[in-house]
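Structure file upload-v5.cif with mmCIF, C-alpha atoms:
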```
data_upload
#
loop_
_atom_site.label_atom_id
_atom_site.label_comp_id
_atom_site.auth_asym_id
_atom_site.auth_seq_id
_atom_site.Cartn_x
_atom_site.Cartn_y
_atom_site.Cartn_z
CA MET D 388 70.85 58.18 -16.18
CA LYS D 389 74.45 57.32 -15.46
CA LYS D 390 76.43 55.96 -18.40
CA ILE D 391 78.62 52.90 -18.79
CA ALA D 392 80.60 51.96 -21.89
CA PHE D 393 81.24 48.45 -23.15
CA LEU D 394 84.59 48.39 -24.94
CA SER D 395 84.33 46.46 -28.19
CA MET D 396 85.70 46.57 -31.75
CA ASP D 397 84.71 48.06 -35.11
CA SER D 398 82.70 45.05 -36.31
CA LEU D 399 81.40 41.97 -34.50
CA ASP D 400 79.82 40.42 -37.60
CA ASP D 401 81.87 37.22 -37.35
CA PHE D 402 81.30 36.66 -33.63
CA PHE D 403 78.63 35.52 -31.21
CA VAL D 404 78.02 38.33 -28.71
CA TYR D 405 75.68 38.25 -25.71
CA ASP D 406 76.49 41.46 -23.84
CA ASP D 407 73.24 43.12 -24.95
CA LEU D 408 71.56 40.93 -22.33
CA LEU D 409 73.12 43.25 -19.73
CA ILE D 410 71.41 46.38 -21.04
CA ALA D 411 68.00 45.78 -19.45
CA PRO D 412 69.23 44.92 -15.93
CA PHE D 413 71.65 47.85 -16.02
CA GLY D 414 68.78 50.09 -17.11
CA GLN D 415 66.67 48.93 -14.18
CA VAL D 416 69.27 50.33 -11.77
CA GLY D 417 69.70 53.62 -13.61
CA TYR D 418 72.49 52.98 -16.12
CA GLN D 419 72.58 53.60 -19.84
CA VAL D 420 74.97 51.33 -21.73
CA GLU D 421 76.83 52.38 -24.87
CA THR D 422 79.16 50.20 -26.92
CA VAL D 423 82.36 51.84 -28.22
CA SER D 424 85.23 50.55 -30.33
CA TRP D 425 88.70 50.54 -28.83
CA ARG D 426 90.04 51.52 -32.25
CA ASN D 427 88.36 54.94 -32.14
CA SER D 428 91.34 57.08 -31.14
CA GLU D 429 89.11 60.16 -30.79
CA GLN D 430 86.85 58.60 -28.15
CA ASP D 431 86.48 60.56 -24.91
CA TYR D 432 85.79 58.21 -21.99
CA SER D 433 85.47 60.81 -19.26
CA GLY D 434 81.67 60.97 -19.55
CA TYR D 435 81.27 57.35 -18.47
CA GLU D 436 81.13 56.19 -14.87
CA ALA D 437 83.07 53.14 -16.02
CA VAL D 438 84.31 51.34 -19.10
CA ILE D 439 83.88 47.57 -19.00
CA VAL D 440 86.08 45.70 -21.47
CA ARG D 441 83.81 43.24 -23.25
CA SER D 442 84.45 42.32 -26.86
CA PRO D 443 87.60 43.84 -28.42
CA TRP D 444 88.31 40.48 -30.00
CA ASP D 445 90.85 41.78 -32.47
CA TYR D 446 93.23 43.29 -29.90
CA GLN D 447 95.85 40.59 -30.49
CA GLN D 448 96.43 42.12 -33.92
CA ALA D 449 97.78 45.30 -32.28
CA PRO D 450 98.40 44.54 -28.61
CA GLN D 451 100.56 47.59 -27.91
CA ALA D 452 97.94 49.95 -29.32
CA PHE D 453 95.23 48.15 -27.36
CA MET D 454 97.10 48.44 -24.08
CA ALA D 455 97.70 52.12 -24.81
CA CYS D 456 93.93 52.48 -25.24
CA LEU D 457 93.35 50.86 -21.85
CA GLU D 458 95.86 53.24 -20.27
CA GLN D 459 94.02 56.17 -21.84
CA ILE D 460 90.70 54.94 -20.47
CA ASP D 461 92.21 54.39 -17.03
CA SER D 462 93.39 58.01 -17.00
CA GLN D 463 89.88 59.27 -17.76
CA THR D 464 87.52 57.02 -15.81
CA ARG D 465 87.20 53.71 -14.00
CA LEU D 466 88.36 50.74 -16.07
CA MET D 467 87.14 47.20 -15.54
CA ASN D 468 88.81 44.94 -15.07
CA PRO D 469 91.58 46.95 -13.36
CA LEU D 470 94.39 48.04 -15.68
CA ALA D 471 97.06 46.30 -13.61
CA LEU D 472 95.19 43.01 -13.83
CA MET D 473 94.79 43.21 -17.59
CA GLN D 474 98.45 44.17 -18.03
CA TRP D 475 99.33 41.04 -16.08
CA ASN D 476 96.89 38.86 -18.02
CA VAL D 477 97.58 39.98 -21.60
CA ASP D 478 100.72 37.82 -21.88
CA LYS D 479 100.15 34.15 -21.13
CA ARG D 480 103.46 33.95 -19.34
CA TYR D 481 101.40 34.78 -16.25
CA LEU D 482 100.82 31.00 -16.16
CA ARG D 483 104.40 30.63 -14.96
CA GLU D 484 103.51 32.74 -11.92
CA LEU D 485 100.50 30.56 -11.23
CA ALA D 486 102.66 27.45 -11.45
CA SER D 487 105.12 29.03 -9.00
CA ALA D 488 102.18 29.50 -6.62
CA ASP D 489 101.47 25.74 -6.86
CA VAL D 490 98.44 26.21 -9.10
CA ALA D 491 98.01 23.23 -11.44
CA VAL D 492 98.61 24.38 -15.04
CA LEU D 493 99.39 22.38 -18.16
CA PRO D 494 103.09 21.56 -18.68
CA THR D 495 104.52 24.32 -20.86
CA LEU D 496 107.71 25.21 -22.68
CA TRP D 497 108.23 28.94 -23.18
CA LEU D 498 109.96 30.24 -26.30
CA ASP D 499 111.31 33.75 -26.90
CA ASP D 500 112.01 32.85 -30.52
CA TYR D 501 111.25 29.94 -32.83
CA HIS D 502 113.60 26.97 -32.49
CA HIS D 503 112.66 23.90 -34.46
CA GLU D 504 114.76 21.56 -32.31
CA THR D 505 112.93 22.70 -29.17
CA LEU D 506 109.64 21.63 -30.73
CA VAL D 507 111.16 18.34 -31.89
CA ASN D 508 112.32 17.65 -28.34
CA ALA D 509 108.97 18.68 -26.85
CA PHE D 510 107.32 15.40 -27.85
CA GLU D 511 109.76 13.45 -25.71
CA ALA D 512 109.79 16.03 -22.93
CA PHE D 513 106.01 15.86 -22.59
CA GLY D 514 105.70 12.16 -23.42
CA CYS D 515 103.04 12.88 -26.05
CA ASP D 516 102.28 12.27 -29.72
CA GLU D 517 100.99 15.77 -30.46
CA ILE D 518 101.84 19.27 -29.27
CA VAL D 519 100.18 22.68 -29.47
CA ILE D 520 102.03 25.93 -30.08
CA LYS D 521 100.50 29.39 -29.84
CA PRO D 522 101.66 32.97 -29.24
CA CYS D 523 101.96 34.26 -25.69
CA ILE D 524 99.64 37.08 -26.72
CA SER D 525 96.70 35.57 -28.57
CA ALA D 526 92.92 35.26 -28.71
CA ASN D 527 90.28 33.31 -30.63
CA ALA D 528 92.76 30.47 -31.24
CA ASP D 529 94.56 32.70 -33.77
CA ASP D 530 97.94 31.25 -34.86
CA THR D 531 97.34 28.14 -32.75
CA PHE D 532 98.75 24.94 -34.25
CA ARG D 533 98.14 21.31 -33.27
CA LEU D 534 101.11 19.31 -34.51
CA SER D 535 102.22 15.71 -34.83
CA ARG D 536 105.86 14.96 -35.52
CA ALA D 537 105.05 14.69 -39.22
CA ASP D 538 103.13 17.97 -39.15
CA LEU D 539 106.05 19.68 -37.49
CA ASP D 540 108.40 18.71 -40.30
CA LEU D 541 105.93 19.62 -43.03
CA ARG D 542 105.06 23.02 -41.55
CA GLN D 543 108.51 24.04 -40.36
CA ALA D 544 108.77 27.00 -42.74
CA GLN D 545 105.29 28.29 -41.85
CA LEU D 546 105.94 27.96 -38.12
CA ALA D 547 109.26 29.74 -38.40
CA GLN D 548 107.55 32.60 -40.21
CA VAL D 549 104.67 32.88 -37.71
CA PHE D 550 106.77 32.60 -34.56
CA SER D 551 110.06 34.24 -35.53
CA LYS D 552 111.03 36.66 -32.73
CA ARG D 553 107.57 36.17 -31.23
CA PRO D 554 107.21 34.73 -27.72
CA ALA D 555 105.27 31.49 -27.83
CA MET D 556 104.19 28.63 -25.62
CA VAL D 557 104.31 24.91 -26.36
CA GLN D 558 102.13 22.38 -24.55
CA PRO D 559 101.19 18.74 -24.97
CA PHE D 560 97.95 18.24 -26.83
CA VAL D 561 95.58 17.07 -24.11
CA THR D 562 93.18 14.49 -25.51
CA SER D 563 90.56 15.27 -22.87
CA VAL D 564 89.65 18.40 -24.84
CA VAL D 565 88.08 16.19 -27.52
CA GLU D 566 87.12 13.29 -25.25
CA GLN D 567 85.52 15.29 -22.43
CA GLY D 568 85.65 18.96 -23.41
CA GLU D 569 86.87 22.13 -21.75
CA VAL D 570 85.20 23.56 -18.65
CA SER D 571 84.73 27.29 -18.05
CA LEU D 572 83.70 28.83 -14.74
CA PHE D 573 82.45 32.41 -14.56
CA TYR D 574 83.05 34.56 -11.48
CA PHE D 575 81.63 38.02 -10.87
CA ALA D 576 83.24 40.06 -8.07
CA GLY D 577 84.35 36.97 -6.22
CA GLU D 578 81.23 34.84 -6.60
CA LEU D 579 80.67 31.90 -8.94
CA SER D 580 77.88 32.70 -11.40
CA HIS D 581 77.68 29.71 -13.76
CA ALA D 582 79.74 27.08 -15.55
CA ILE D 583 79.72 25.53 -19.01
CA LEU D 584 81.24 22.63 -20.91
CA LYS D 585 82.69 23.46 -24.33
CA THR D 586 83.31 20.66 -26.83
CA PRO D 587 84.86 20.98 -30.30
CA LYS D 588 83.18 19.85 -33.46
CA GLN D 589 84.13 16.49 -34.94
CA GLY D 590 87.68 16.59 -36.26
CA ASP D 591 88.63 19.85 -34.56
CA PHE D 592 90.13 20.76 -31.18
CA ARG D 593 89.05 24.41 -30.94
CA VAL D 594 86.07 24.84 -28.65
CA GLN D 595 84.97 28.36 -29.61
CA GLU D 596 81.52 28.77 -31.19
CA GLU D 597 83.15 30.56 -34.10
CA HIS D 598 84.99 27.31 -34.88
CA GLY D 599 81.91 25.10 -34.52
CA GLY D 600 82.21 24.22 -30.85
CA THR D 601 79.12 23.39 -28.79
CA LEU D 602 78.30 24.72 -25.31
CA ALA D 603 76.22 23.37 -22.44
CA VAL D 604 75.57 24.55 -18.89
CA ILE D 605 76.92 22.22 -16.21
CA THR D 606 77.13 21.99 -12.44
CA PRO D 607 80.89 21.87 -11.81
CA GLU D 608 82.33 19.30 -9.47
CA GLN D 609 84.04 20.52 -6.33
CA ALA D 610 87.52 19.67 -7.63
CA VAL D 611 86.99 22.01 -10.58
CA ILE D 612 85.82 24.83 -8.31
CA ALA D 613 88.77 24.32 -5.98
CA SER D 614 91.27 24.53 -8.86
CA ALA D 615 89.61 27.62 -10.28
CA GLU D 616 89.48 29.45 -6.97
CA GLN D 617 93.07 28.60 -6.14
CA ALA D 618 94.08 30.29 -9.41
CA LEU D 619 91.89 33.32 -8.76
CA SER D 620 93.40 33.76 -5.32
CA ALA D 621 96.88 33.90 -6.89
CA MET D 622 96.04 36.91 -9.09
CA PRO D 623 97.67 40.28 -8.31
CA THR D 624 94.40 42.24 -7.87
CA GLY D 625 90.68 41.81 -7.43
CA TYR D 626 88.31 41.69 -10.39
CA LEU D 627 84.80 42.43 -11.59
CA TYR D 628 84.68 39.43 -13.92
CA ALA D 629 86.84 36.39 -14.54
CA ARG D 630 86.51 33.30 -16.67
CA VAL D 631 88.57 30.28 -15.67
CA ASP D 632 89.19 27.66 -18.38
CA LEU D 633 90.26 24.18 -17.29
CA LEU D 634 91.07 20.76 -18.73
CA GLN D 635 91.56 17.44 -17.02
CA HIS D 636 95.12 16.19 -17.46
CA GLN D 637 96.75 13.19 -15.79
CA GLY D 638 93.96 12.90 -13.27
CA LYS D 639 93.72 16.52 -12.13
CA TRP D 640 92.08 19.73 -13.27
CA CYS D 641 94.58 22.13 -14.79
CA ILE D 642 94.20 25.80 -15.62
CA ILE D 643 94.41 26.53 -19.33
CA GLU D 644 93.78 30.23 -19.02
CA LEU D 645 92.48 32.93 -16.76
CA GLU D 646 90.41 35.14 -19.06
CA LEU D 647 90.42 38.59 -17.46
CA ILE D 648 90.37 40.99 -20.41
CA GLU D 649 87.61 40.24 -22.92
CA PRO D 650 86.13 36.80 -22.27
CA SER D 651 82.73 35.92 -23.61
CA LEU D 652 80.67 35.40 -20.45
CA TYR D 653 77.87 33.48 -22.20
CA PHE D 654 74.99 35.32 -20.59
CA ASN D 655 72.70 33.49 -23.03
CA LEU D 656 73.30 30.15 -21.29
CA ASP D 657 72.23 31.16 -17.78
CA ASP D 658 69.13 33.32 -17.39
CA THR D 659 70.26 34.55 -13.99
CA SER D 660 73.76 35.57 -15.04
CA PRO D 661 72.99 39.06 -16.45
CA GLN D 662 71.41 40.14 -13.17
CA LYS D 663 74.28 38.54 -11.24
CA PHE D 664 76.74 40.58 -13.28
CA VAL D 665 74.90 43.85 -12.65
CA ASP D 666 74.61 43.05 -8.94
CA ALA D 667 78.34 42.30 -8.90
CA TYR D 668 79.08 45.62 -10.62
CA LEU D 669 77.14 47.52 -7.96
CA ARG D 670 78.82 45.58 -5.18
CA TYR D 671 82.28 45.95 -6.71
CA THR D 672 82.00 49.69 -7.30
CA GLU D 673 80.62 50.33 -3.83
CA ASP D 674 83.64 48.56 -2.35
CA LYS D 675 86.15 50.66 -4.31
#
```

Step by step, read the file and then write its structure as structure tokens.
Amino acid sequence: MKKIAFLSMDSLDDFFVYDDLLIAPFGQVGYQVETVSWRNSEQDYSGYEAVIVRSPWDYQQAPQAFMACLEQIDSQTRLMNPLALMQWNVDKRYLRELASADVAVLPTLWLDDYHHETLVNAFEAFGCDEIVIKPCISANADDTFRLSRADLDLRQAQLAQVFSKRPAMVQPFVTSVVEQGEVSLFYFAGELSHAILKTPKQGDFRVQEEHGGTLAVITPEQAVIASAEQALSAMPTGYLYARVDLLQHQGKWCIIELELIEPSLYFNLDDTSPQKFVDAYLRYTEDK
């Protein structure tokens, strides 16, 4: 059998992972799947037909080392998604490029260093009562803060410590995330597979399962699909998998993120999605 590796991390004990649902359909077309940790510096990837980045959900703790790992893999075998796409996607400042291409994204202030006055002025600039600040390289809502004006004053020292000399992004807190939820669309090699609605638990704004969020399959409206596909068409390369996260803001669907490195693809929520992914892999690799 041919071998594929899923790139992961040392321990997934604190996470919900559904990539094992791909093992059976891959096996049916002659592939053995092995899961390897990106932190194993001795790993030889040359024996795999491809390495598919799936669940290295601690990479934000050492992003330079992680990107070096991806470069190593790319030198030894086929990497998916493409290295150039993940290099573009790892820093959320790619959203500025999407905005320049007339893709609707949330209003954002970009910081190269922490400046308290910039955050103070952000409330008026955005016309909002709450803001969100997070690092430009982040995952799992790590170091993400939802702040009122009072919170900003109370947590000034903590924020300065977290974001000192660390590029960050500041956005208005969009109330639709708690009122309606966040929508995610999943695309495999150019084709829409499925879509879900993610809603945070009471009193929170983080939609991830690990933070108590709930998930439900939906049929996305055409406006959501149009926004997602406009963003995908603005990317620098093609892709095997992509997750597009969107929120409704001021009457239109805005891109929150394009997840092109290690998004959970929630194969558990759509029974057809594992087979769709494997079919997309075969189609994608045949085209390359």

### Message
Under the rule that all atoms listed in the file are counted, which of D:Gln543, D:Ser571, D:Thr606, D:Thr495 is the nearest residue to Gln558 in chain D?
### Response
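Nearest candidate to Gln558 in chain D out of D:Gln543, D:Ser571, D:Thr606, D:Thr495: D:Thr495.
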
### Query
Using the chain letters and numbers from the file, which residues does the PyMOL selection byres ((chain D and resi 496) around 8) grab, as a list of chain:residue names?
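Against this file, the PyMOL selection byres ((chain D and resi 496) around 8) returns the residues D:Pro494, D:Thr495, D:Trp497, D:Leu498, D:Ala509, D:Met556, D:Val557, D:Gln558.
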
Take the residues from that selection and write them out as an mmCIF file, keeping the file's coordinate frame, keeping C-alpha atoms.
```cif
data_model
loop_
_atom_site.group_PDB
_atom_site.id
_atom_site.type_symbol
_atom_site.label_atom_id
_atom_site.label_comp_id
_atom_site.auth_asym_id
_atom_site.auth_seq_id
_atom_site.Cartn_x
_atom_site.Cartn_y
_atom_site.Cartn_z
ATOM 1 C CA PRO D 494 103.090 21.560 -18.680
ATOM 2 C CA THR D 495 104.520 24.320 -20.860
ATOM 3 C CA TRP D 497 108.230 28.940 -23.180
ATOM 4 C CA LEU D 498 109.960 30.240 -26.300
ATOM 5 C CA ALA D 509 108.970 18.680 -26.850
ATOM 6 C CA MET D 556 104.190 28.630 -25.620
ATOM 7 C CA VAL D 557 104.310 24.910 -26.360
ATOM 8 C CA GLN D 558 102.130 22.380 -24.550
#
```

### Task
Scan for residues within 6 Å of the point (74.3, 47.9, -22.5) in the coordinates of the file, using only C-alpha atoms, and reply as JSON, numbers by chain.
{"D": [407, 409, 410, 420, 421]}

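Run against this file, the PyMOL selection byres ((chain D and resi 664) around 10) gives back Leu409, Pro412, Phe413, Tyr574, Phe575, Ala576, Glu578, Ser580, Leu627, Tyr628, Leu652, Phe654, Thr659, Ser660, Pro661, Gln662, Lys663, Val665, Asp666, Ala667, Tyr668, Leu669 and Arg670 of chain D.
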
#### Entry: 12 Å contact set for Ile583 in chain D, only C-alpha atoms, chain neighbours under 4 positions out, as JSON, numbers by chain
{"D": [568, 569, 570, 571, 572, 573, 579, 594, 601, 602, 603, 604, 605, 606, 607, 608, 611, 630, 631, 632, 633, 651, 652, 653, 654, 655, 656, 657]}

File of the preceding selection, C-alpha atoms, as a compact mmCIF listing (two decimals), keeping the file's coordinate frame:
```
# COMPACT_ATOMS: atom_id res chain seq x y z
CA GLY D 568 85.65 18.96 -23.41
CA GLU D 569 86.87 22.13 -21.75
CA VAL D 570 85.20 23.56 -18.65
CA SER D 571 84.73 27.29 -18.05
CA LEU D 572 83.70 28.83 -14.74
CA PHE D 573 82.45 32.41 -14.56
CA LEU D 579 80.67 31.90 -8.94
CA VAL D 594 86.07 24.84 -28.65
CA THR D 601 79.12 23.39 -28.79
CA LEU D 602 78.30 24.72 -25.31
CA ALA D 603 76.22 23.37 -22.44
CA VAL D 604 75.57 24.55 -18.89
CA ILE D 605 76.92 22.22 -16.21
CA THR D 606 77.13 21.99 -12.44
CA PRO D 607 80.89 21.87 -11.81
CA GLU D 608 82.33 19.30 -9.47
CA VAL D 611 86.99 22.01 -10.58
CA ARG D 630 86.51 33.30 -16.67
CA VAL D 631 88.57 30.28 -15.67
CA ASP D 632 89.19 27.66 -18.38
CA LEU D 633 90.26 24.18 -17.29
CA SER D 651 82.73 35.92 -23.61
CA LEU D 652 80.67 35.40 -20.45
CA TYR D 653 77.87 33.48 -22.20
CA PHE D 654 74.99 35.32 -20.59
CA ASN D 655 72.70 33.49 -23.03
CA LEU D 656 73.30 30.15 -21.29
CA ASP D 657 72.23 31.16 -17.78
```

### Of the listed residues D:Asp530, D:Glu649, D:Asp431, D:Asp540, that which approaches Pro443 in chain D most closely, counting only C-alpha atoms
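Ranked by minimum distance to Pro443 in chain D, first place goes to D:Glu649.
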
What are the closest atom pairs, with distances in Å to one decimal, for each residue of range 410-442 of chain D lying within 12 Å of range 468-480 of chain D, using all atoms listed in the file, rows by chain and rising residue number, as JSON lines?
```
{"residue": "D:Ala437", "atom": "CA", "partner": "D:Asn468", "partner_atom": "CA", "distance": 10.1}
{"residue": "D:Val438", "atom": "CA", "partner": "D:Asn468", "partner_atom": "CA", "distance": 8.8}
{"residue": "D:Ile439", "atom": "CA", "partner": "D:Asn468", "partner_atom": "CA", "distance": 6.8}
{"residue": "D:Val440", "atom": "CA", "partner": "D:Asn468", "partner_atom": "CA", "distance": 7.0}
{"residue": "D:Arg441", "atom": "CA", "partner": "D:Asn468", "partner_atom": "CA", "distance": 9.7}
```

### Coordinates-based distance that separates CA of Leu394 in chain D from CA of Glu436 in chain D (Å, one decimal)
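Value for the CA of Glu436 in chain D-CA of Leu394 in chain D distance: 13.2 Å.
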
### Message
Can you pull out the residues contacting range 453-461 of chain D? Cut-off 7 Å, using only C-alpha atoms, and skip same-chain residues under 6 positions away; I want them as a ChimeraX atom specification.
### Response
/D:425,432,446,470

### Query
Given the choices D:Glu429, D:Glu644, D:Glu673, D:Glu566, which gets closest to Pro587 in chain D if the distance is worked out from only C-alpha atoms?
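Of all the options, D:Glu566 lies closest to Pro587 in chain D.
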
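Checking D:Ala537, D:Gln548, D:Tyr418, D:Leu647 one by one against Thr624 in chain D, counting all atoms listed in the file, you find the shortest gap at D:Leu647.
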
### Task
Give me, please, the distance in Å between CA of Leu645 in chain D and CA of Gln430 in chain D, quoted to one decimal.
28.6 Å
